[in-house]
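Notes follow the structure.
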Amino acid sequence: MTVTFPHKTLPWLLVAPQLLVTLVFFLWPAGQAIEQAFYQEDAFGLSREFVAFENFIELLQDPYYYNSIGVTLVFSMAVAVSGLSIALVLATMADRIIRGQMVYQTLLIWPYAVAPALAGVLWWILFDPAQGPIALWLEYMGIEWDHFVNGGDAMVLVVIAATWKQISYNFLFFLAGLQAIPRSLIEAAAIDGAGPVRRFWDIVFPLLSPTAFFLLVMNIVYAFFETFGVIDATTAGGPGQSTKILVYKVYEDGFVGLDLGGSAAQSVILMMIVGLMTVVQFRFIERRVQY
Amino acid sequence: MIENRPWLTFISHSVLILGIIAVALPIWVAIVASTHPAEAFGQGSVPLWFGNYATETWQTVLFSAAGNGVDVPVWKMMFNSLVMAIAIAFGKIAISLISAYAIVFFRFPFRSLCFWLIFMTLMLPVEVRILPTYEVVAKLNLLNSYTGLALPLIASATATFLFRQAFMAMPGELVEAARMDGAGPVRFFFDILLPLTRTNIAALFVILFIYGWNQYLWPLLITTDDAYYTLVMSIKRMVSVADGAIEWNSIMATTILAMLPPVAVVIGMQKMFVKGLVDSEK
Amino acid sequence: MAAVVLSKVGKKYPNGFHAIPAVDLDIKDGEFIVLVGPSGCGKSTLLRMVAGLETITNGELSINGTRMNDREPADRDIAMVFQSYALYPHMTVAGNMGYGLKNRGVDKESIEKKVNEVAKMLDLTHLLERKPKQLSGGQRQRVAMGRAMVRDPQVFLFDEPLSNLDAKLRVQMRVEIRQLQRKLGTTTLYVTHDQVEAMTLADRLVVLNQGHAEQIGSPLELYERPATPFVAAFIGSPAMNLFSATLDSNNLILGENESVLLKTQHEFNGPVTWGIRPEHLVVCEQDADFKMRVKAVESLGAETLIYGAIDGVNQDLVLRLSGPHQPEINSEIGLKAPQDKWHLFDANTQQRLP
């Protein structure tokens, strides 16, 4: 047990700022979203009507909403799988190297610091159908590319931009995970006659799986909630609905479509998703500590 | 490594160098693009080698106007970004430090309720409750202000947990020794606790600075007055001008300037950055 | 300098557990009192109650006649040396030692003067600018003592201060602590689980068992006339040989089939615990009281410890002889237990028989 100070008012003063910000800017808006989800309001905010679950029912009958769920799943899985596999390859290689490891690390991790919106713009210019060097090269290879027209192309672009930024994060955690594997285990396997590839699959990979699972969760959270900037700065959800992830749809329906009730209902559903992910994350962290 | 197989080492280096090239490719193109005049774009490929328009582009962007409909110079937006990033990082650390202090070192009614309220913020990222939060800030008259940019973002469950963890790991006898030495709660906080969590604070500051600097959606919504534009969000305004009229050279120069400070922080304070990243995911 | 009085001091936890029922202890000015007992006996809790780090739930604690129960630790004019030393890792040795004075508003020059004075006494002068990390275990221990000393407190409290040191250093620091305490004359309360440390340091010892003070007295008193079998077993190394026995019409009966009978003169009749220290058994060829079958021998050079058992008595016993001896395993040694070295305890009340 920790030693505590006997004091009545001081602790309240100390938690007050955090609580105040939490209440005013987190819980109050969340409460309003929940309330709003049960009302229908006209675009000018003049009249408002209690509609119970109608906003939710409407949402669940909306094909665009299902489309958005599908887009989100495809997008987040693509980002997670490509980000994790590329990072794992790079980290495994970096772990082999003794001299110059720090230099490689430095040159690989800096994209973490680039804002998602900037990452989007950087890749846009490379893939710009009219002048982007990669788009032109693809055309030269006989592959049509226009992410302003073709939904699939647009998805590939946002996945690349989002993954590019996330590789650094995955790389760091994988490298740390690899370095935490006791040398003696690898040496024991080598004495048992396992070559480098075999050792990777039989020893390293299983021991790395907690890290991989942790990163999978973190990458999905990232793709769900932190890639707004990538989408907004490059495709704005288009063409059509092809890159409209859930978070983008909440924003668009609320701020552009002014469908306050519908947007609020989406907010409520998203909050539940985050809640679920937080639980998964925490459950998992307990296990990671034990490992 | 156990076997000394030169070809394996060679492959490792090759893969890593390939990775670095792929990662750096966009930056190369961006830097090159910023050295050409706006007219160089739109016809054929984006230039892949340096032009001689660098000084003009960078000077214009930095000191007169970023262009593409954004009439403020980059240095001004950079200042705004800096204010926001530092206010967010500093604010988060300050309020999390003291609330974690209260939760660990005092016993008071509703202590665990406070803890859970703070915990709930983890489940409520701005992105999912963006509209009502905007309305609250509008009601409080905080649109187009530094307060509005930073204040709603400074509650932090992650930072509070981190400090709570650090405080709880502190040896009990150390706290007792300080009490025997006559240190009251305030003195204990400044004389013992703060110096001992110094590295945690520094590591977290690095992460939070990047977080604050890279804010996008929030400033996009609450700043309509370009005196309060931040650098990252201005990119959206710049690429939204009518198609064909985009001045790619100034956009690229602005982009590079927008990522320079946080990238410099990551590279320059790599150790702190890695520690902060690992700490805050615990 | 001060007298410390504990009257019926006790500790009851909110969950109902009575860690310490009620301890009475009268510490005279300048006395060195050691609280000793096995782990979990409540000795640290008692010390921390005196320090003010644990609340006293019943009874009264007074220092120099003033009631202290509700005073903050810092206001009791005491100083404590912790088991882990609890040095502030970010402060220099001088900073650590002066911190308590600084908090009490003492001016800089006085602090410096006092710190230098104590540092000189403890041979720490050349280390004053170092951080705790850069010190050895013994040096850290000394700094922890220095921190307690600079304040000239009324009472020193030590909570197992030597348990983190290696054996050699522990002996050296033990001597040093005793000398310092004599020199300063400060009333001292010292907690340890090590009975050798307890015996060598204390003016008076308090043997604690499950929150009770089993016996309070000088080291020799406790050695020569332990009040209970617990104290008898705890004080002395190797521990006293204790046997369940019966006193019956001037016979002490050991073992099941009256296999050993010792003649004595005693008014008491009934079950007893009989004890004799390993060093008080005498080897003899003839007229032995009983014979011991040798099971193991530990030769320590200056002395020899022989472990064995008496045939028909279901308990082992230890014999301590000075100098080297090499009896064969399974051989028999005749032993005599001189009556003036006996310890007899009533088996029911666990109290010493006169």
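Quick note on naming: the chains in the structure tokens go A, B, ... in the order shown, residues restart at 1 in each chain, and ligands are numbered from 1 in order of appearance.
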Quick one: which residues from chain A are at most 6 Å off chain B, using only C-alpha atoms, as a ChimeraX atom specification?
/A:2,4-5,11,14-15,18,21-22,25,29,93,110,113-115,122,131-133,233,267,274-275
Okay, now the selection with N, CA and C atoms, as an mmCIF file, in the first residue's frame?
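And here is the file that came out, out04.cif:
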```cif
data_model
loop_
_atom_site.group_PDB
_atom_site.id
_atom_site.type_symbol
_atom_site.label_atom_id
_atom_site.label_comp_id
_atom_site.auth_asym_id
_atom_site.auth_seq_id
_atom_site.Cartn_x
_atom_site.Cartn_y
_atom_site.Cartn_z
ATOM 1 N N THR A 2 0.455 2.219 -0.765
ATOM 2 C CA THR A 2 1.225 3.453 -0.788
ATOM 3 C C THR A 2 0.835 4.322 0.400
ATOM 4 N N THR A 4 -0.268 7.691 2.083
ATOM 5 C CA THR A 4 -1.088 8.786 1.570
ATOM 6 C C THR A 4 -1.013 9.990 2.492
ATOM 7 N N PHE A 5 -1.347 11.141 1.933
ATOM 8 C CA PHE A 5 -1.368 12.359 2.723
ATOM 9 C C PHE A 5 -2.770 12.600 3.242
ATOM 10 N N PRO A 11 -6.842 17.181 -2.770
ATOM 11 C CA PRO A 11 -7.025 16.234 -3.890
ATOM 12 C C PRO A 11 -8.108 16.667 -4.865
ATOM 13 N N LEU A 14 -6.742 19.109 -7.161
ATOM 14 C CA LEU A 14 -5.805 18.508 -8.103
ATOM 15 C C LEU A 14 -6.497 17.783 -9.256
ATOM 16 N N VAL A 15 -7.596 17.113 -8.966
ATOM 17 C CA VAL A 15 -8.280 16.415 -10.061
ATOM 18 C C VAL A 15 -9.221 17.339 -10.831
ATOM 19 N N GLN A 18 -8.566 18.201 -14.739
ATOM 20 C CA GLN A 18 -8.780 17.046 -15.606
ATOM 21 C C GLN A 18 -10.274 16.705 -15.694
ATOM 22 N N VAL A 21 -12.247 19.378 -17.820
ATOM 23 C CA VAL A 21 -12.060 19.219 -19.266
ATOM 24 C C VAL A 21 -12.798 17.963 -19.745
ATOM 25 N N THR A 22 -12.683 16.912 -18.950
ATOM 26 C CA THR A 22 -13.354 15.663 -19.331
ATOM 27 C C THR A 22 -14.867 15.850 -19.405
ATOM 28 N N PHE A 25 -15.725 18.730 -22.337
ATOM 29 C CA PHE A 25 -15.400 18.473 -23.737
ATOM 30 C C PHE A 25 -15.502 17.004 -24.146
ATOM 31 N N PRO A 29 -20.446 16.404 -24.628
ATOM 32 C CA PRO A 29 -20.719 16.123 -26.045
ATOM 33 C C PRO A 29 -21.176 14.687 -26.284
ATOM 34 N N MET A 93 15.083 -8.272 -40.596
ATOM 35 C CA MET A 93 16.365 -7.962 -41.230
ATOM 36 C C MET A 93 17.217 -7.085 -40.304
ATOM 37 N N TRP A 110 11.011 7.772 -39.067
ATOM 38 C CA TRP A 110 10.560 9.163 -39.083
ATOM 39 C C TRP A 110 9.146 9.364 -39.622
ATOM 40 N N ALA A 113 6.113 10.624 -37.568
ATOM 41 C CA ALA A 113 5.871 12.014 -37.189
ATOM 42 C C ALA A 113 5.111 12.787 -38.256
ATOM 43 N N VAL A 114 4.854 12.179 -39.409
ATOM 44 C CA VAL A 114 4.163 12.903 -40.475
ATOM 45 C C VAL A 114 2.655 12.799 -40.256
ATOM 46 N N ALA A 115 1.979 13.943 -40.312
ATOM 47 C CA ALA A 115 0.526 13.944 -40.112
ATOM 48 C C ALA A 115 -0.140 13.139 -41.231
ATOM 49 N N LEU A 122 1.268 13.630 -50.030
ATOM 50 C CA LEU A 122 2.542 13.178 -50.596
ATOM 51 C C LEU A 122 2.338 12.032 -51.581
ATOM 52 N N GLN A 131 0.049 13.412 -63.854
ATOM 53 C CA GLN A 131 1.473 13.734 -63.818
ATOM 54 C C GLN A 131 2.287 12.919 -62.818
ATOM 55 N N GLY A 132 1.613 12.118 -61.984
ATOM 56 C CA GLY A 132 2.350 11.370 -60.964
ATOM 57 C C GLY A 132 3.283 10.348 -61.590
ATOM 58 N N PRO A 133 4.524 10.283 -61.187
ATOM 59 C CA PRO A 133 5.481 9.359 -61.802
ATOM 60 C C PRO A 133 5.049 7.897 -61.701
ATOM 61 N N ALA A 233 -7.863 14.521 -47.091
ATOM 62 C CA ALA A 233 -6.970 15.322 -47.916
ATOM 63 C C ALA A 233 -6.811 14.747 -49.325
ATOM 64 N N SER A 267 -22.489 8.214 -34.375
ATOM 65 C CA SER A 267 -21.544 8.474 -33.282
ATOM 66 C C SER A 267 -21.715 7.455 -32.170
ATOM 67 N N VAL A 274 -15.559 1.677 -30.200
ATOM 68 C CA VAL A 274 -14.333 2.038 -29.474
ATOM 69 C C VAL A 274 -14.311 1.379 -28.109
ATOM 70 N N GLY A 275 -15.481 1.393 -27.456
ATOM 71 C CA GLY A 275 -15.570 0.766 -26.140
ATOM 72 C C GLY A 275 -15.140 -0.681 -26.208
#
```
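Contacts from chain C to chain A at a cut-off of 10 Å (only C-alpha atoms) map to Leu53, Glu54 and Glu72 of chain C.
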If you run DSSP on this backbone, which residues of stretch 166-325 of chain C come out as strand (DSSP E or B), and could you give them as JSON, numbers by chain?
{"C": [187, 188, 189, 190, 191, 192, 204, 205, 206, 207, 208, 209, 212, 213, 214, 215, 216, 217, 241, 242, 243, 244, 245, 246, 247, 248, 251, 252, 253, 254, 260, 261, 262, 263, 270, 271, 272, 273, 274, 275, 276, 282, 283, 290, 291, 292, 293, 294, 295, 296, 297, 298, 299, 303, 304, 305, 306, 307, 308, 309, 310, 316, 317, 318, 319, 320, 321, 322]}
Return as a Markdown table the residues of chain C lying at most 6 Å from chain B, together with the closest atom-to-atom pair for each and the distance in Å to one decimal, counting only C-alpha atoms, with rows in chain order and ascending residue number.
```
| residue | atom | partner | partner_atom | distance |
| --- | --- | --- | --- | --- |
| C:Pro73 | CA | B:Met180 | CA | 5.3 |
| C:Ala74 | CA | B:Gly182 | CA | 4.6 |
| C:Ala86 | CA | B:Leu174 | CA | 4.5 |
| C:Gly100 | CA | B:Asp181 | CA | 4.1 |
| C:Asn103 | CA | B:Gly182 | CA | 5.9 |
```
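Omitting A:Val268 and its sequence neighbours fewer than 3 positions away, and counting only C-alpha atoms, the residues within 9 Å are Ala30, Ala33, Ile34, Ala37, Ser263, Ala264, Ala265, Met271, Met272 and Ile273 of chain A; Val128 and Arg129 of chain B.
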Pick out the residues sitting within 12 Å of B:Asp71, and hand them over as a list in words; count only C-alpha atoms, and ignore anything fewer than 4 positions along from it in its own chain.
Thr60, Val61, Leu62, Phe63, Ser64, Ala65, Ala66, Gly67, Trp75, Lys76, Met77, Asp225, Asp226, Ala227, Tyr228, Tyr229, Ser234, Arg237 and Met238 of chain B
Within stretch 116-191 of chain A, find each residue whose DSSP state, derived from the backbone, is helix (DSSP H, G or I), and express the selection as number ranges by chain.
A: 116-127, 133-140, 151-179, 183-191
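Closest approach to C:Gln134 among C:Pro89, C:Glu31, C:Asn348, C:Val207: C:Pro89, based on only C-alpha atoms.
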Long-range neighbours of C:Asp203 as JSON, numbers by chain, 10 Å cut-off, only C-alpha atoms, 3 positions minimum in chain:
{"C": [30, 31, 32, 33, 34, 188, 198, 199, 200, 217, 218, 219, 220]}
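Coordinates place atom CA of C:Tyr88 at a distance of 8.7 Å from atom CA of C:Lys131.
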Find the spatial neighbours of A:Leu185, counting only C-alpha atoms, within a cut-off of 12 Å - ignore same-chain residues fewer than 3 positions away - and output them as a list in words.
Leu178, Gln179, Ala180, Ile181, Pro182, Ala188, Ala189, Ala190, Ile191, Asp192, Ala194, Arg199, Phe200, Asp202, Ile203, Val204 and Leu207 of chain A; Ile2 of chain B
Might you pull out every residue within 8 Å of A:Phe228, with only C-alpha atoms counted and same-chain residues fewer than 2 positions away left off, and present them as a PyMOL selection string?
(chain A and resi 116-117+225-226+230-232+247-248) or (chain B and resi 217)
